[in-house]
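Down below is the structure, laid out as structure tokens.
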Amino acid sequence: MAAATRDLEALVRSGIRALGSAGVPTARLEYILDTFYYPVNSKNASRYAGRAYDAYRENNPKLAKDILEAMEKGGISEEKIAYYMRKNLRERDDRIAEAGRAKLDGNMSAYARIVGEIRNDGFDREWVVGAVDGWVSKLESAAKEKADGKTKELKESLEEITDSGADQEWAEDAVNRLADSQKKRPANDSVDEEEYEGLFEGSDVVMALEAGNTKEAKAVIQEMTDNGKEESSIRSSVTRYYKPIYQDLYQKEG
């Protein structure tokens with residue numbers, strides 16, 4: 001009986017995928033089929049987060065909302081849902097790598113634009129920013145492997161990065177830049193308890209400065225202060241190494 005059930009599922013799913021190949025939206029059909037065979041619970045959180053992702057990409061936010069609500073009712077925590085939504089974005093949406101490249105190149109206006117485009121599909125901002133930060137962290141891990149002389153691990157990391165959409169030459173250059181600057185860069189200031197709902201953090205100012213893009217750095221600072229971030233908090237995120245550069249941003253204005 002179990003074998004027959006699996007065969008039936010495979011047959012139906014094959015038909016649904018054929019429809020998808022023909023351009024027919026299939027997220028709802030895939031979701032309905034899943035509910036016949038897989039309970040909506042923590043064990044199957046990855047599967048249903050994937051269905052929610054599919055619904056968003058098919059411009060069906062209502063279906064995505066229904067799936068996410070079913071996941072919550074099935075006892076899946078918000079943290080676990082967020083984890084798998086970030087994972088789907090990072091692994092399945094090429095725009096995440098594009099946003100990460102822009103961020104590492106100090107092009108914060110392009111980063112903000114791409115994040116905005118992804119959010120327009122219906123994805124929560126924290127999922128999108130978290131997915132980009134996760135992609136960037138792979139570059140930072142590779143930079144540490146380079147600094148530590150872990151050649152084998154570095155090669156594997158670079159392969160994973162290029163597989164996600166980054167150009168080989170760009171990835172190697174980014175890893176070299178990060179390896180040179182990691183000791184100087186401050187930790188992300190997300191632990192700050194100050195209320196703040198903006199897109200950028202103090203570490204983004206540093207990334208722009210490291211890329212030599214003072215114009216973008218100042219734009220980030222302006223956006224942060226416009227959204228309620230205290231300038232003293234921003235300054236504390238920029239280490240002593242960057243203090244002269246930070247001051248120079250404003251001296252040039254005078």
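Residue numbers start at 1 in each chain; chains themselves are named A, B, ... in the order of the structure tokens; ligands are numbered from 1 in the order shown.
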Could you pull the residues within 8 Å of Leu89 in chain A, counting only C-alpha atoms, minus those fewer than 3 positions along the same chain, as a count of residues only? 9
Using only C-alpha atoms, determine which residues lie at most 9 Å from range 63-66 of chain A, disregarding the query and same-chain residues fewer than 3 positions distant; provide the list as a PyMOL selection string. chain A and resi 27-28+49+51-56+60+69-71+122
Name all residues at most 12 Å from Gly75 in chain A (count only C-alpha atoms; drop same-chain ones fewer than 4 positions away) and give them as a list in words. Pro39, Val40, Asn41, Ser42, Lys43, Asn44, Ala45, Leu68, Glu69, Ala70, Met71, Glu79, Lys80 and Ile81 of chain A
Quick one: residues within 10 Å of Glu98 in chain A, only C-alpha atoms, excluding same-chain residues fewer than 5 positions away - as a PyMOL selection string? chain A and resi 93+103+110-111+114-115+132+135+164-166
Would you save the residues of that selection, restricted to N, CA and C atoms, as a PDB file, in the first residue's frame?
ATOM      1  N   ASP A  93      17.177  32.416  -5.043  1.00  0.00           N
ATOM      2  CA  ASP A  93      16.957  33.729  -5.666  1.00  0.00           C
ATOM      3  C   ASP A  93      18.301  34.373  -5.980  1.00  0.00           C
ATOM      4  N   LYS A 103      26.620  45.132  -1.821  1.00  0.00           N
ATOM      5  CA  LYS A 103      26.966  45.529  -0.458  1.00  0.00           C
ATOM      6  C   LYS A 103      28.472  45.479  -0.230  1.00  0.00           C
ATOM      7  N   ALA A 110      22.513  50.505  -4.601  1.00  0.00           N
ATOM      8  CA  ALA A 110      22.109  49.332  -5.396  1.00  0.00           C
ATOM      9  C   ALA A 110      21.606  48.230  -4.473  1.00  0.00           C
ATOM     10  N   TYR A 111      22.297  48.039  -3.349  1.00  0.00           N
ATOM     11  CA  TYR A 111      21.858  47.044  -2.355  1.00  0.00           C
ATOM     12  C   TYR A 111      20.440  47.339  -1.897  1.00  0.00           C
ATOM     13  N   ILE A 114      17.861  46.560  -4.693  1.00  0.00           N
ATOM     14  CA  ILE A 114      17.606  45.128  -4.901  1.00  0.00           C
ATOM     15  C   ILE A 114      16.778  44.551  -3.759  1.00  0.00           C
ATOM     16  N   VAL A 115      17.111  44.938  -2.532  1.00  0.00           N
ATOM     17  CA  VAL A 115      16.313  44.489  -1.384  1.00  0.00           C
ATOM     18  C   VAL A 115      14.865  44.925  -1.565  1.00  0.00           C
ATOM     19  N   VAL A 132      20.727  38.008   2.605  1.00  0.00           N
ATOM     20  CA  VAL A 132      21.894  38.716   2.057  1.00  0.00           C
ATOM     21  C   VAL A 132      23.060  38.627   3.039  1.00  0.00           C
ATOM     22  N   TRP A 135      24.643  35.320   2.873  1.00  0.00           N
ATOM     23  CA  TRP A 135      25.491  35.160   1.691  1.00  0.00           C
ATOM     24  C   TRP A 135      26.825  35.879   1.894  1.00  0.00           C
ATOM     25  N   SER A 164      26.650  30.154  -6.502  1.00  0.00           N
ATOM     26  CA  SER A 164      25.481  30.958  -6.128  1.00  0.00           C
ATOM     27  C   SER A 164      25.296  32.175  -7.028  1.00  0.00           C
ATOM     28  N   GLY A 165      26.210  32.370  -7.981  1.00  0.00           N
ATOM     29  CA  GLY A 165      26.019  33.457  -8.931  1.00  0.00           C
ATOM     30  C   GLY A 165      27.116  34.494  -8.990  1.00  0.00           C
ATOM     31  N   ALA A 166      28.163  34.330  -8.177  1.00  0.00           N
ATOM     32  CA  ALA A 166      29.251  35.315  -8.184  1.00  0.00           C
ATOM     33  C   ALA A 166      30.315  34.942  -9.207  1.00  0.00           C
TER      34      ALA A 166
END
Which distance in Å separates CA of Glu231 in chain A and CA of Gly202 in chain A, to one decimal?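 Interatomic distance, CA of Glu231 in chain A to CA of Gly202 in chain A: 10.0 Å.
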Check the smallest atom-to-atom distance from each of A:Asn107, A:Ser21, A:Ser157, A:Asn88 to Ala219 in chain A using only C-alpha atoms, then report the winner.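 Ranking A:Asn107, A:Ser21, A:Ser157, A:Asn88 by distance to Ala219 in chain A, first place goes to A:Asn107.
Atom pair CA of Ala147 in chain A / CA of Val175 in chain A: separated by 9.7 Å.
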Just want the 12 Å neighbourhood of range 171-173 of chain A, counted on only C-alpha atoms, with same-chain residues fewer than 4 positions away dropped. Output as a VMD selection string. chain A and resid 97 100 to 101 104 to 105 135 to 136 138 to 140 142 to 143 146 154 to 155 157 to 167 177 to 180 211
